[in-house]
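**Student:** Right, I'll just put the structure down here and ask away after.
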Amino acid sequence: MQTHLSAEFAGTPEGEEAEAILRKCVHCGFCLATCPTYQLMGDELDSPRGRIYLMKQVLEGQEPTDKTQLHLDRCLTCRNCETTCPSGVEYGKLLDIGRRVVEEKVARKPADKALRWALAQGLPSPLFAPAMKLGQAVRGLLPERLREKVPPRSSAGAWPTAVHARKVLLLAGCVQPSMAPGINGATARVLDAAGIQTLVAPRAGCCGAVKFHLNDQAGGKDEMRANIDAWWPYLERGEVECIVMNASGCGVTVKEYGHLLRHDPEYAARAAKVSAATRDISELLPELAALLKGKLRAGERPYAWHPPCTLQHGQKLRGGVEAGLRALGFELRLAASEAHLCCGSAGTYSVLQPETAHQLRDRKLAQLAQSFADQPPQAILSANIGCITHLQNGTDIPVRHWIEVLDEALAP
């Protein structure tokens, strides 16, 4: 793709990065076949290729409009197109640039701006936990759309107290401890059973994804720097083997700290080391399977498995959960087809684009159901709090993190 960046972007670090990405695109259209929004809408501008053209026009000096912004907003950032692309176009990085530029040039309607501000400030806030508790207390009285975002109250269970020579850091997350506390508790107990101690840095907070993807990129980077500061003493002392992520959305973001902060002279080197030290919990599964074999009671009925986009496309981790759990005696089945497509959660997308998100959710659940024509699965398993909450709103079948199933299967 030939590019002629405007003077505003030519020669800037952001412009040079965008131009390098744009020039890789060969217009082949393979991405259209795997883009969830194009599958639903059939509009070229709601496909990766169409959005690339829109961003190219803006970077070449054409003034964006609210229509430009709408098509960029409708993107789930699932990055399925990156998995499909034969030319290696880093669409997600280009989208981050394009969205920020358009955000500065196109004024949003007051209601839209207020909602996005509330999400960016509210979800990572310390006030989120008490607000969630209040919502759970009056859950039955909430409107349906709001009730969908307030799961029933649940317990984290007991945190292990044993001290082990092997230690890892765990990012607790901003919303997960309040919405699904059992995930962190289960992670710590499974690792404890394998002889690994889980530590949580007190000053670590939101991974930065919420603000960054709502175009408060400066605020998102501040949260990234705060996490680096919180984790660095543990890494510098060699106290932990790695930083473990049990929410794949957080994992893909932390693994990109090195890229996102590469121009920060104070944090670039440390950000790169933090990213290099980060592991999704599924990456530990081969070792965990060997250490836990014989300690587990696998369920008799099969489970459905929904791999989040942030795991299979963002982190490029495919097949690891299935292989690890099968090695431990569990049966997992993927959706009959379209296992690669997004469920519609996509961070705050299900709040900002609820109609599209619900269509994709119902489509995903229908595909999963086709794999269980004989009897429903014991549960639907996933690896990201957003997917789990979103899918649960569309089905009576329990939707859980796979680590919770391992935790429950541990012999007493």
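Ordered as shown in the structure tokens, chains take letters A, B, and onward, while each chain numbers its residues from 1 and ligands are numbered from 1 in the order shown.
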Show me, as a tab-separated table, the residues of segment 240-297 of chain A having an atom within 7 Å of segment 179-199 of chain A, each with the closest atom pair and its distance in Å, using only C-alpha atoms.
**Tutor:**
residue	atom	partner	partner_atom	distance
A:Leu288	CA	A:Ala194	CA	6.4
A:Leu291	CA	A:Ala194	CA	5.6
A:Leu292	CA	A:Ala194	CA	6.2
**Student:** Hey, can you spit out that residue selection with N, CA and C atoms as an mmCIF file, in the first residue's frame?
**Tutor:**
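That gives us selection.cif:
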data_model
loop_
_atom_site.group_PDB
_atom_site.id
_atom_site.type_symbol
_atom_site.label_atom_id
_atom_site.label_comp_id
_atom_site.auth_asym_id
_atom_site.auth_seq_id
_atom_site.Cartn_x
_atom_site.Cartn_y
_atom_site.Cartn_z
ATOM 1 N N LEU A 288 2.315 -27.603 35.206
ATOM 2 C CA LEU A 288 1.303 -27.877 36.226
ATOM 3 C C LEU A 288 0.686 -29.251 36.035
ATOM 4 N N LEU A 291 2.893 -31.806 37.490
ATOM 5 C CA LEU A 291 2.970 -31.732 38.946
ATOM 6 C C LEU A 291 1.665 -32.133 39.629
ATOM 7 N N LEU A 292 0.535 -31.942 38.944
ATOM 8 C CA LEU A 292 -0.772 -32.183 39.560
ATOM 9 C C LEU A 292 -1.378 -33.528 39.198
#
**Student:** What residues in segment 29-211 of chain A get the DSSP label strand (DSSP E)? Please answer as number ranges by chain.
**Tutor:** A: 166-170, 196-199
**Student:** Excluding Gly92 of chain A and any residue of its chain fewer than 6 positions from it, enumerate the residues within 8 Å of it, using only C-alpha atoms, and give them as a count of residues only.
**Tutor:** 3
**Student:** Return as a VMD selection string the full set of residues in segment 169-318 of chain A whose backbone-based DSSP assignment is helix (DSSP H, G or I).
**Tutor:** chain A and resid 176 to 179 182 to 193 209 to 213 217 to 236 248 to 254 257 to 260 268 to 277 281 to 292 309 to 314
**Student:** Put those residues in a file: C-alpha atoms, as a PDB file, in the first residue's frame.
**Tutor:**
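Listing of part02.pdb after writing:
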ATOM      1  CA  GLN A 176     -12.057  -9.334  38.641  1.00  0.00           C
ATOM      2  CA  PRO A 177     -11.642  -9.348  42.461  1.00  0.00           C
ATOM      3  CA  SER A 178     -15.134  -7.854  42.795  1.00  0.00           C
ATOM      4  CA  MET A 179     -16.944  -9.578  39.940  1.00  0.00           C
ATOM      5  CA  GLY A 182     -12.962 -17.091  42.914  1.00  0.00           C
ATOM      6  CA  ILE A 183     -10.672 -16.863  39.888  1.00  0.00           C
ATOM      7  CA  ASN A 184      -7.758 -15.358  41.816  1.00  0.00           C
ATOM      8  CA  GLY A 185      -8.334 -17.641  44.784  1.00  0.00           C
ATOM      9  CA  ALA A 186      -8.433 -20.704  42.525  1.00  0.00           C
ATOM     10  CA  THR A 187      -5.232 -19.617  40.784  1.00  0.00           C
ATOM     11  CA  ALA A 188      -3.391 -19.325  44.076  1.00  0.00           C
ATOM     12  CA  ARG A 189      -4.657 -22.716  45.311  1.00  0.00           C
ATOM     13  CA  VAL A 190      -3.782 -24.567  42.093  1.00  0.00           C
ATOM     14  CA  LEU A 191      -0.282 -23.085  42.091  1.00  0.00           C
ATOM     15  CA  ASP A 192       0.069 -23.916  45.784  1.00  0.00           C
ATOM     16  CA  ALA A 193      -0.806 -27.541  45.061  1.00  0.00           C
ATOM     17  CA  ALA A 209      -6.151  -1.511  29.051  1.00  0.00           C
ATOM     18  CA  VAL A 210      -9.467   0.105  30.014  1.00  0.00           C
ATOM     19  CA  LYS A 211      -8.256   3.697  29.771  1.00  0.00           C
ATOM     20  CA  PHE A 212      -5.888   3.048  26.885  1.00  0.00           C
ATOM     21  CA  HIS A 213      -8.558   1.512  24.657  1.00  0.00           C
ATOM     22  CA  GLN A 217      -3.857   6.623  26.349  1.00  0.00           C
ATOM     23  CA  ALA A 218      -1.908   8.894  28.691  1.00  0.00           C
ATOM     24  CA  GLY A 219      -3.966   7.683  31.651  1.00  0.00           C
ATOM     25  CA  GLY A 220      -3.523   4.067  30.585  1.00  0.00           C
ATOM     26  CA  LYS A 221       0.245   4.489  30.372  1.00  0.00           C
ATOM     27  CA  ASP A 222       0.304   6.038  33.856  1.00  0.00           C
ATOM     28  CA  GLU A 223      -1.338   2.851  35.183  1.00  0.00           C
ATOM     29  CA  MET A 224       1.230   0.765  33.311  1.00  0.00           C
ATOM     30  CA  ARG A 225       4.068   2.723  34.910  1.00  0.00           C
ATOM     31  CA  ALA A 226       2.497   2.272  38.349  1.00  0.00           C
ATOM     32  CA  ASN A 227       2.420  -1.503  37.845  1.00  0.00           C
ATOM     33  CA  ILE A 228       6.025  -1.554  36.699  1.00  0.00           C
ATOM     34  CA  ASP A 229       6.991   0.358  39.844  1.00  0.00           C
ATOM     35  CA  ALA A 230       5.036  -2.131  41.988  1.00  0.00           C
ATOM     36  CA  TRP A 231       6.525  -5.224  40.363  1.00  0.00           C
ATOM     37  CA  TRP A 232      10.076  -4.086  39.764  1.00  0.00           C
ATOM     38  CA  PRO A 233      11.493  -4.775  43.267  1.00  0.00           C
ATOM     39  CA  TYR A 234      10.316  -8.416  43.047  1.00  0.00           C
ATOM     40  CA  LEU A 235      11.908  -8.858  39.623  1.00  0.00           C
ATOM     41  CA  GLU A 236      15.085  -6.990  40.541  1.00  0.00           C
ATOM     42  CA  SER A 248      -6.113 -12.905  29.051  1.00  0.00           C
ATOM     43  CA  GLY A 249      -7.172  -9.309  28.360  1.00  0.00           C
ATOM     44  CA  CYS A 250      -4.771  -8.062  31.013  1.00  0.00           C
ATOM     45  CA  GLY A 251      -2.118 -10.481  29.822  1.00  0.00           C
ATOM     46  CA  VAL A 252      -2.031  -9.232  26.258  1.00  0.00           C
ATOM     47  CA  THR A 253      -1.753  -5.643  27.507  1.00  0.00           C
ATOM     48  CA  VAL A 254       1.079  -6.290  29.982  1.00  0.00           C
ATOM     49  CA  TYR A 257       4.163  -2.711  27.905  1.00  0.00           C
ATOM     50  CA  GLY A 258       7.584  -2.892  26.251  1.00  0.00           C
ATOM     51  CA  HIS A 259       6.155  -1.660  22.961  1.00  0.00           C
ATOM     52  CA  LEU A 260       3.791   0.926  24.428  1.00  0.00           C
ATOM     53  CA  ALA A 268      11.410   1.639  28.402  1.00  0.00           C
ATOM     54  CA  ALA A 269      13.981  -0.885  29.657  1.00  0.00           C
ATOM     55  CA  ARG A 270      11.962  -1.940  32.688  1.00  0.00           C
ATOM     56  CA  ALA A 271       8.760  -2.169  30.625  1.00  0.00           C
ATOM     57  CA  ALA A 272      10.479  -4.532  28.190  1.00  0.00           C
ATOM     58  CA  LYS A 273      11.652  -6.751  31.058  1.00  0.00           C
ATOM     59  CA  VAL A 274       8.187  -6.783  32.634  1.00  0.00           C
ATOM     60  CA  SER A 275       6.658  -7.843  29.321  1.00  0.00           C
ATOM     61  CA  ALA A 276       9.276 -10.557  28.889  1.00  0.00           C
ATOM     62  CA  ALA A 277       8.531 -11.850  32.407  1.00  0.00           C
ATOM     63  CA  ILE A 281      -1.500 -18.960  33.442  1.00  0.00           C
ATOM     64  CA  SER A 282      -2.083 -21.391  30.550  1.00  0.00           C
ATOM     65  CA  GLU A 283       1.599 -21.149  29.669  1.00  0.00           C
ATOM     66  CA  LEU A 284       2.327 -22.839  32.992  1.00  0.00           C
ATOM     67  CA  LEU A 285      -0.109 -25.664  32.261  1.00  0.00           C
ATOM     68  CA  PRO A 286       2.407 -28.167  30.806  1.00  0.00           C
ATOM     69  CA  GLU A 287       4.407 -28.017  34.027  1.00  0.00           C
ATOM     70  CA  LEU A 288       1.303 -27.877  36.226  1.00  0.00           C
ATOM     71  CA  ALA A 289      -0.163 -30.918  34.486  1.00  0.00           C
ATOM     72  CA  ALA A 290       2.942 -32.942  35.336  1.00  0.00           C
ATOM     73  CA  LEU A 291       2.970 -31.732  38.946  1.00  0.00           C
ATOM     74  CA  LEU A 292      -0.772 -32.183  39.560  1.00  0.00           C
ATOM     75  CA  CYS A 309      -9.578 -13.389  21.382  1.00  0.00           C
ATOM     76  CA  THR A 310      -6.992 -11.880  23.706  1.00  0.00           C
ATOM     77  CA  LEU A 311      -5.598 -15.377  24.253  1.00  0.00           C
ATOM     78  CA  GLN A 312      -5.710 -16.874  20.759  1.00  0.00           C
ATOM     79  CA  HIS A 313      -5.192 -13.764  18.637  1.00  0.00           C
ATOM     80  CA  GLY A 314      -3.636 -11.199  20.987  1.00  0.00           C
TER      81      GLY A 314
END
**Student:** As an exercise, work out the distance from atom CA of Val26 of chain A to atom CA of Cys343 of chain A in Å and give it to one decimal place.
**Tutor:**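 Interatomic distance, atom CA of Val26 of chain A to atom CA of Cys343 of chain A: 28.1 Å.
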**Student:** Kindly indicate which residue among A:Pro143, A:Gly15, A:Gly29, A:Pro308 lies nearest to His390 of chain A, using only C-alpha atoms for the distances.
**Tutor:** A:Pro308
**Student:** Just the number, please: distance in Å from atom CA of Leu123 of chain A to atom CA of Val175 of chain A, one decimal.
**Tutor:**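 Answer for the atom CA of Leu123 of chain A to atom CA of Val175 of chain A separation: 6.5 Å.
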**Student:** For Ala247 of chain A, find every residue with an atom within 7 Å (counting only C-alpha atoms), except residues of its own chain fewer than 4 positions away, and show them as a PyMOL selection string.
**Tutor:** chain A and resi 251+383-385
**Student:** Write the residues of the selection above to a file with N, CA, C and O atoms, as a short mmCIF file (atom, residue, chain, number, x, y, z; two decimals), in the first residue's frame.
**Tutor:**
data_model
loop_
_atom_site.label_atom_id
_atom_site.label_comp_id
_atom_site.auth_asym_id
_atom_site.auth_seq_id
_atom_site.Cartn_x
_atom_site.Cartn_y
_atom_site.Cartn_z
N GLY A 251 -3.37 -9.88 30.25
CA GLY A 251 -2.12 -10.48 29.82
C GLY A 251 -1.59 -9.91 28.53
O GLY A 251 -0.41 -9.60 28.40
N ALA A 383 -11.19 -17.90 29.62
CA ALA A 383 -9.96 -17.46 30.28
C ALA A 383 -9.91 -15.96 30.49
O ALA A 383 -8.84 -15.41 30.71
N ASN A 384 -11.06 -15.30 30.43
CA ASN A 384 -11.07 -13.84 30.60
C ASN A 384 -12.37 -13.43 31.27
O ASN A 384 -13.45 -13.88 30.87
N ILE A 385 -12.27 -12.59 32.27
CA ILE A 385 -13.44 -12.19 33.05
C ILE A 385 -14.52 -11.55 32.17
O ILE A 385 -15.72 -11.78 32.39
#
**Student:** For atom CA of Leu5 of chain A and atom CA of Met55 of chain A, quote the distance in Å rounded to one decimal.
**Tutor:**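 Those two atoms sit 10.9 Å apart.
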